[in-house]
$ cat final-v1.txt   # compact mmCIF, C-alpha atoms and all ligand atoms
# COMPACT_ATOMS: atom_id res chain seq x y z
CA MET A 1 0.00 0.00 0.00
CA ILE A 2 2.81 2.42 0.87
CA LYS A 3 4.37 1.46 -2.44
CA ASP A 4 1.17 2.32 -4.33
CA ASN A 5 0.83 5.61 -2.47
CA ILE A 6 4.39 6.58 -3.37
CA GLU A 7 3.69 5.80 -7.00
CA ALA A 8 0.52 7.91 -6.90
CA VAL A 9 2.38 10.85 -5.30
CA ARG A 10 5.14 10.58 -7.89
CA GLN A 11 2.60 10.73 -10.67
CA ARG A 12 1.00 13.81 -9.14
CA ILE A 13 4.44 15.42 -8.85
CA SER A 14 5.15 14.69 -12.53
CA ALA A 15 1.77 16.01 -13.60
CA ALA A 16 2.20 19.25 -11.65
CA ALA A 17 5.69 19.74 -13.10
CA ALA A 18 4.40 19.06 -16.60
CA ARG A 19 1.64 21.65 -16.22
CA VAL A 20 4.28 24.38 -15.89
CA GLY A 21 6.76 22.84 -18.31
CA ARG A 22 9.33 21.82 -15.70
CA THR A 23 11.81 19.04 -16.37
CA ASP A 24 14.25 19.62 -13.49
CA ALA A 25 14.59 17.13 -10.63
CA ILE A 26 12.12 17.26 -7.75
CA THR A 27 13.03 15.51 -4.51
CA LEU A 28 10.27 13.70 -2.68
CA VAL A 29 10.97 13.67 1.05
CA ALA A 30 8.83 10.98 2.68
CA VAL A 31 7.83 12.34 6.07
CA THR A 32 7.98 9.40 8.47
CA LYS A 33 7.47 11.25 11.76
CA ASN A 34 5.13 9.50 14.19
CA HIS A 35 5.18 6.35 12.09
CA PRO A 36 7.00 3.13 12.94
CA VAL A 37 10.36 2.37 11.39
CA GLU A 38 8.72 -0.47 9.43
CA PHE A 39 6.95 2.15 7.33
CA MET A 40 10.28 3.77 6.59
CA LYS A 41 11.74 0.42 5.56
CA GLU A 42 8.81 -0.19 3.26
CA ALA A 43 9.20 3.24 1.69
CA ALA A 44 12.93 2.68 1.19
CA ALA A 45 12.21 -0.65 -0.46
CA ALA A 46 9.82 1.17 -2.79
CA GLY A 47 12.56 3.54 -3.92
CA ILE A 48 12.34 6.41 -1.44
CA THR A 49 15.80 7.95 -0.94
CA ASP A 50 14.94 10.87 1.34
CA VAL A 51 13.12 10.81 4.67
CA GLY A 52 11.92 13.65 6.88
CA GLU A 53 11.59 13.63 10.64
CA ASN A 54 10.64 16.45 12.94
CA ARG A 55 12.15 15.27 16.19
CA VAL A 56 15.82 14.52 16.69
CA GLN A 57 15.17 11.85 19.31
CA GLU A 58 12.75 9.92 17.11
CA ALA A 59 15.13 10.00 14.16
CA LEU A 60 17.96 8.75 16.33
CA GLN A 61 15.88 5.80 17.47
CA LYS A 62 14.95 4.93 13.89
CA GLN A 63 18.56 5.13 12.77
CA LYS A 64 19.39 2.60 15.48
CA GLU A 65 16.61 0.30 14.33
CA PHE A 66 17.46 0.77 10.66
CA PRO A 67 21.24 0.92 10.38
CA ASP A 68 22.94 1.13 6.99
CA ASN A 69 19.75 2.58 5.56
CA GLY A 70 21.55 4.60 2.90
CA LEU A 71 18.86 7.28 3.16
CA THR A 72 19.27 11.04 3.15
CA TRP A 73 17.88 12.39 6.42
CA HIS A 74 16.02 15.70 6.56
CA LEU A 75 15.21 17.48 9.80
CA ILE A 76 12.02 19.37 9.03
CA GLY A 77 10.69 20.24 12.49
CA HIS A 78 11.57 23.05 14.84
CA LEU A 79 15.03 22.62 16.35
CA GLN A 80 15.94 23.73 19.83
CA THR A 81 19.44 25.09 20.30
CA ASN A 82 20.24 22.47 22.93
CA LYS A 83 19.54 19.71 20.38
CA ALA A 84 21.83 21.19 17.73
CA LYS A 85 24.58 18.74 18.64
CA HIS A 86 22.47 15.66 17.89
CA ALA A 87 20.94 17.30 14.85
CA VAL A 88 24.32 17.81 13.17
CA GLU A 89 25.35 14.28 14.07
CA HIS A 90 22.28 12.65 12.56
CA PHE A 91 20.91 14.76 9.72
CA ASP A 92 22.12 15.48 6.22
CA LEU A 93 19.98 18.57 5.70
CA ILE A 94 18.41 20.73 8.41
CA HIS A 95 15.41 22.60 6.95
CA SER A 96 14.44 24.52 10.04
CA VAL A 97 17.21 27.02 10.83
CA ASP A 98 15.25 30.13 11.72
CA SER A 99 17.26 32.35 14.07
CA GLU A 100 20.73 33.76 14.58
CA HIS A 101 20.99 31.88 17.85
CA LEU A 102 20.26 28.53 16.20
CA LEU A 103 22.43 29.28 13.19
CA ARG A 104 25.40 29.94 15.46
CA ALA A 105 24.68 26.82 17.54
CA VAL A 106 24.56 24.60 14.45
CA ASP A 107 27.78 26.13 13.16
CA LYS A 108 29.51 25.55 16.50
CA GLU A 109 28.38 21.93 16.88
CA ALA A 110 29.22 21.09 13.28
CA GLY A 111 32.67 22.58 13.79
CA LYS A 112 33.26 20.31 16.77
CA ILE A 113 32.82 17.19 14.66
CA GLY A 114 34.57 18.58 11.59
CA LYS A 115 31.41 18.75 9.51
CA VAL A 116 30.07 21.42 7.23
CA GLN A 117 26.33 21.16 7.86
CA ASP A 118 23.95 21.69 4.97
CA ILE A 119 21.00 23.81 6.04
CA LEU A 120 17.97 25.61 4.71
CA LEU A 121 16.74 28.87 6.16
CA GLN A 122 13.11 28.61 7.25
CA VAL A 123 11.16 31.76 6.54
CA ASN A 124 7.72 32.56 7.93
CA VAL A 125 6.60 33.88 4.58
CA ALA A 126 2.92 34.01 5.55
CA ARG A 127 3.69 35.93 8.76
CA GLU A 128 1.72 33.49 10.88
CA GLU A 129 2.09 34.10 14.58
CA THR A 130 1.80 30.44 15.42
CA LYS A 131 4.49 29.24 13.05
CA PHE A 132 8.20 28.99 13.41
CA GLY A 133 10.47 30.53 10.83
CA MET A 134 12.33 33.82 10.69
CA GLU A 135 10.60 37.01 9.67
CA VAL A 136 11.07 38.05 6.08
CA GLU A 137 12.87 41.17 7.36
CA GLU A 138 15.48 39.08 9.17
CA PHE A 139 16.23 36.98 6.13
CA PRO A 140 18.92 39.15 4.45
CA ALA A 141 20.93 39.52 7.67
CA LEU A 142 20.77 35.79 8.39
CA CYS A 143 21.88 35.01 4.84
CA ARG A 144 24.83 37.31 5.35
CA LEU A 145 25.74 35.75 8.68
CA ALA A 146 25.37 32.21 7.34
CA GLY A 147 27.75 33.11 4.53
CA GLU A 148 30.39 34.05 7.08
CA LEU A 149 30.13 30.98 9.29
CA PRO A 150 32.62 28.27 8.31
CA ASN A 151 30.70 25.15 9.35
CA VAL A 152 27.31 25.72 7.77
CA ARG A 153 26.44 25.74 4.09
CA VAL A 154 23.15 27.33 3.12
CA ARG A 155 21.50 25.27 0.41
CA GLY A 156 18.18 27.05 0.12
CA LEU A 157 14.91 28.09 1.66
CA MET A 158 12.11 26.27 3.45
CA CYS A 159 8.63 27.48 4.18
CA ILE A 160 5.40 26.07 5.57
CA ALA A 161 2.25 27.58 4.14
CA PRO A 162 -0.87 28.21 6.18
CA ASN A 163 -3.62 25.64 6.10
CA PHE A 164 -6.18 27.66 4.14
CA GLU A 165 -9.67 26.36 3.61
CA GLN A 166 -9.22 27.01 -0.09
CA VAL A 167 -5.88 25.46 -0.95
CA GLU A 168 -5.43 27.82 -3.92
CA ASP A 169 -4.96 30.65 -1.43
CA VAL A 170 -1.44 29.39 -0.70
CA ARG A 171 -0.25 30.24 -4.17
CA PRO A 172 0.77 33.86 -3.41
CA ILE A 173 2.71 32.65 -0.35
CA PHE A 174 4.67 30.16 -2.45
CA ARG A 175 5.27 32.87 -5.02
CA ILE A 176 6.88 35.13 -2.42
CA ALA A 177 9.02 32.22 -1.21
CA ARG A 178 10.14 31.59 -4.78
CA ALA A 179 11.13 35.23 -5.21
CA LEU A 180 13.15 35.17 -1.97
CA TYR A 181 14.81 31.96 -3.12
CA ASP A 182 15.77 33.38 -6.52
CA ASP A 183 17.22 36.42 -4.80
CA MET A 184 19.07 34.21 -2.33
CA LYS A 185 20.84 32.33 -5.11
CA LEU A 186 22.70 35.52 -6.02
CA LYS A 187 24.04 35.94 -2.50
CA PHE A 188 25.97 32.68 -2.38
CA PRO A 189 28.55 31.02 -4.63
CA GLU A 190 27.05 29.70 -7.83
CA GLY A 191 25.38 26.32 -7.45
CA GLN A 192 25.30 26.38 -3.65
CA VAL A 193 21.67 27.41 -3.25
CA GLN A 194 19.65 24.65 -4.93
CA TYR A 195 16.69 23.71 -2.79
CA LEU A 196 13.32 25.32 -2.42
CA SER A 197 11.53 23.17 0.15
CA MET A 198 7.79 23.80 0.18
CA GLY A 199 4.63 21.79 -0.20
CA MET A 200 3.04 19.07 1.94
CA THR A 201 0.24 16.58 1.33
CA HIS A 202 -2.49 19.16 0.81
CA ASP A 203 -0.54 21.69 -1.24
CA PHE A 204 2.49 20.07 -2.89
CA GLU A 205 1.11 20.33 -6.39
CA ILE A 206 0.65 24.09 -6.12
CA ALA A 207 4.11 24.34 -4.55
CA ILE A 208 5.60 22.54 -7.55
CA GLU A 209 3.75 24.77 -9.97
CA GLU A 210 5.34 27.70 -8.12
CA GLY A 211 8.86 26.28 -8.22
CA ALA A 212 9.38 23.94 -5.26
CA ASN A 213 12.01 21.29 -5.93
CA VAL A 214 11.79 19.60 -2.54
CA VAL A 215 8.37 18.51 -1.29
CA ARG A 216 7.74 17.00 2.14
CA VAL A 217 4.91 14.51 2.02
CA GLY A 218 3.69 12.37 4.92
CA THR A 219 -0.04 11.70 4.99
CA ALA A 220 -0.45 10.97 1.27
CA ILE A 221 2.15 8.21 1.59
CA PHE A 222 1.65 6.76 5.07
CA GLY A 223 -1.89 7.76 6.01
CA ALA A 224 -2.91 9.70 9.10
CA ARG A 225 -0.45 9.89 11.97
CA ASN A 226 -1.22 8.51 15.43
CA TYR A 227 -0.20 10.88 18.20
C1 LIG A 301 4.54 16.85 9.19
C2 LIG A 301 5.21 17.76 8.25
C3 LIG A 301 5.09 17.56 6.85
C4 LIG A 301 4.23 16.47 6.22
O1 LIG A 301 2.89 16.79 6.36
P1 LIG A 301 1.73 15.95 5.60
O2 LIG A 301 0.59 16.90 5.60
O3 LIG A 301 1.50 14.74 6.40
O4 LIG A 301 2.23 15.66 4.24
C5 LIG A 301 5.80 18.41 6.02
N1 LIG A 301 6.55 19.41 6.52
C6 LIG A 301 6.67 19.64 7.84
C7 LIG A 301 7.54 20.75 8.30
C8 LIG A 301 6.00 18.83 8.74
O5 LIG A 301 6.14 19.07 10.05

$ encode --input "final-v1.txt" --output "structure tokens" --more "lines below"
Ligand SMILES: *Cc1c(COP(=O)(O)O)cnc(C)c1O
Amino acid sequence: MIKDNIEAVRQRISAAAARVGRTDAITLVAVTKNHPVEFMKEAAAAGITDVGENRVQEALQKQKEFPDNGLTWHLIGHLQTNKAKHAVEHFDLIHSVDSEHLLRAVDKEAGKIGKVQDILLQVNVAREETKFGMEVEEFPALCRLAGELPNVRVRGLMCIAPNFEQVEDVRPIFRIARALYDDMKLKFPEGQVQYLSMGMTHDFEIAIEEGANVVRVGTAIFGARNY
């Protein structure tokens, strides 16, 4: 069933890309948070290469239960500064760097283990009070700072859109994110900024139409989560 769901999501991704004439690669991050490691194994067997988790502790446990998984691990949830150490040890790409404090903590912890940590800057594009992510106004300064820190490498931008009743209403939000991302590319060495991470189960097709090349999909692949 997971295999069929992945196939269905892939077809929807291709269709959305085709609608806007895109032929570039789009990474499907299978969001396995709150699901058992067996689901992750099934997804990997069905060709999933990238998994997303939102809690460091849960990811760590799954890595223990699924060693030599060969997967690329994405941290998509809010990261507390005091967990930066484990985050840099266990994740390939951290999507949720959203403050100077956290940026500096990730840089410091990565430095300690001789790693250059790939990160995305999470921007609260929709200006939602309840969401994490830096303010749009803070974004230029944090780009500048990130460019100066030796142990982080900014690879792009992440945003989470509001859950509108009419899903089409997210389009302008994704459009702003895309504009910030295009602008961001010019601030870093050529080729470094490559990932625009936006779109979840309910809105990934619109995100792709607006330029997302990393989508984070949980429910459409694994069903509803049990909390
Ligand atoms: C849980 C989560 C997702 C996946 O959400 P679905 O609606 O289940 O696809 C994507 N991104 C983030 C940041 C999440 O926390």

$ atom_distance --input "final-v1.txt" --atom1 "CA of Leu102 (chain A)" --atom2 "CA of Thr201 (chain A)"
27.7 Å

$ residues_near_ligand --input "final-v1.txt" --ligand "ligand LIG 301 (chain A)" --cutoff "9 Å" --atoms "only C-alpha atoms and all ligand atoms" --output "VMD selection string"
chain A and resid 29 to 34 52 to 54 75 to 78 95 to 96 158 to 160 197 to 204 215 to 225

$ residues_around --input "final-v1.txt" --residues "Tyr181 (chain A)" --least-positions-apart "5" --cutoff "10 Å" --atoms "only C-alpha atoms" --output "JSON, numbers by chain"
{"A": [121, 156, 157, 158, 175, 176, 186, 193, 194, 195, 196, 197, 211, 212]}

$ closest_atom_pairs --input "final-v1.txt" --of "region 107-149 of chain A" --to "region 84-89 of chain A" --cutoff "10 Å" --atoms "only C-alpha atoms" --output "JSON lines"
{"residue": "A:Asp107", "atom": "CA", "partner": "A:Ala84", "partner_atom": "CA", "distance": 9.0}
{"residue": "A:Lys108", "atom": "CA", "partner": "A:Lys85", "partner_atom": "CA", "distance": 8.7}
{"residue": "A:Glu109", "atom": "CA", "partner": "A:Lys85", "partner_atom": "CA", "distance": 5.3}
{"residue": "A:Ala110", "atom": "CA", "partner": "A:Val88", "partner_atom": "CA", "distance": 5.9}
{"residue": "A:Gly111", "atom": "CA", "partner": "A:Val88", "partner_atom": "CA", "distance": 9.6}
{"residue": "A:Lys112", "atom": "CA", "partner": "A:Lys85", "partner_atom": "CA", "distance": 9.0}
{"residue": "A:Ile113", "atom": "CA", "partner": "A:Glu89", "partner_atom": "CA", "distance": 8.0}
{"residue": "A:Lys115", "atom": "CA", "partner": "A:Val88", "partner_atom": "CA", "distance": 8.0}
{"residue": "A:Val116", "atom": "CA", "partner": "A:Val88", "partner_atom": "CA", "distance": 9.0}
{"residue": "A:Gln117", "atom": "CA", "partner": "A:Val88", "partner_atom": "CA", "distance": 6.6}
{"residue": "A:Asp118", "atom": "CA", "partner": "A:Val88", "partner_atom": "CA", "distance": 9.1}
{"residue": "A:Ile119", "atom": "CA", "partner": "A:Val88", "partner_atom": "CA", "distance": 9.9}

$ atom_distance --input "final-v1.txt" --atom1 "CA of Asn5 (chain A)" --atom2 "CA of Gly47 (chain A)"
12.0 Å

$ closest_residue --input "final-v1.txt" --among "A:Glu190, A:Asp98, A:Glu58, A:Glu7" --to "Gln80 (chain A)" --atoms "only C-alpha atoms"
A:Asp98

$ residues_around --input "final-v1.txt" --residues "Phe139 (chain A)" --least-positions-apart "6" --cutoff "12 Å" --atoms "all atoms listed in the file" --output "list in words"
Val97, Asp98, Ser99, Glu100, Leu120, Leu121, Gln122, Val123, Asn124, Val125, Gly133, Leu145, Ala146, Gly156, Leu157, Met158, Ala177, Leu180, Tyr181, Asp183, Met184 and Lys187 of chain A

$ residues_around --input "final-v1.txt" --residues "Ala126 (chain A)" --least-positions-apart "3" --cutoff "7 Å" --atoms "only C-alpha atoms" --output "number ranges by chain"
A: 161-162, 173

$ residues_around --input "final-v1.txt" --residues "Gln63 (chain A)" --least-positions-apart "2" --cutoff "12 Å" --atoms "all atoms listed in the file" --output "VMD selection string"
chain A and resid 36 to 38 40 to 41 51 53 56 to 61 65 to 73 89 to 91

$ atom_distance --input "final-v1.txt" --atom1 "CA of Glu42 (chain A)" --atom2 "CA of Asn226 (chain A)"
18.0 Å

$ closest_residue --input "final-v1.txt" --among "A:Thr49, A:Gln11, A:Asn151, A:Arg22" --to "Glu209 (chain A)" --atoms "all atoms listed in the file"
A:Arg22

$ closest_residue --input "final-v1.txt" --among "A:Pro189, A:Leu142, A:Thr27, A:Glu128" --to "Phe164 (chain A)" --atoms "only C-alpha atoms"
A:Glu128

$ closest_residue --input "final-v1.txt" --among "A:Ile6, A:Ile26, A:Ala15, A:Met1" --to "Ile48 (chain A)" --atoms "only C-alpha atoms"
A:Ile6
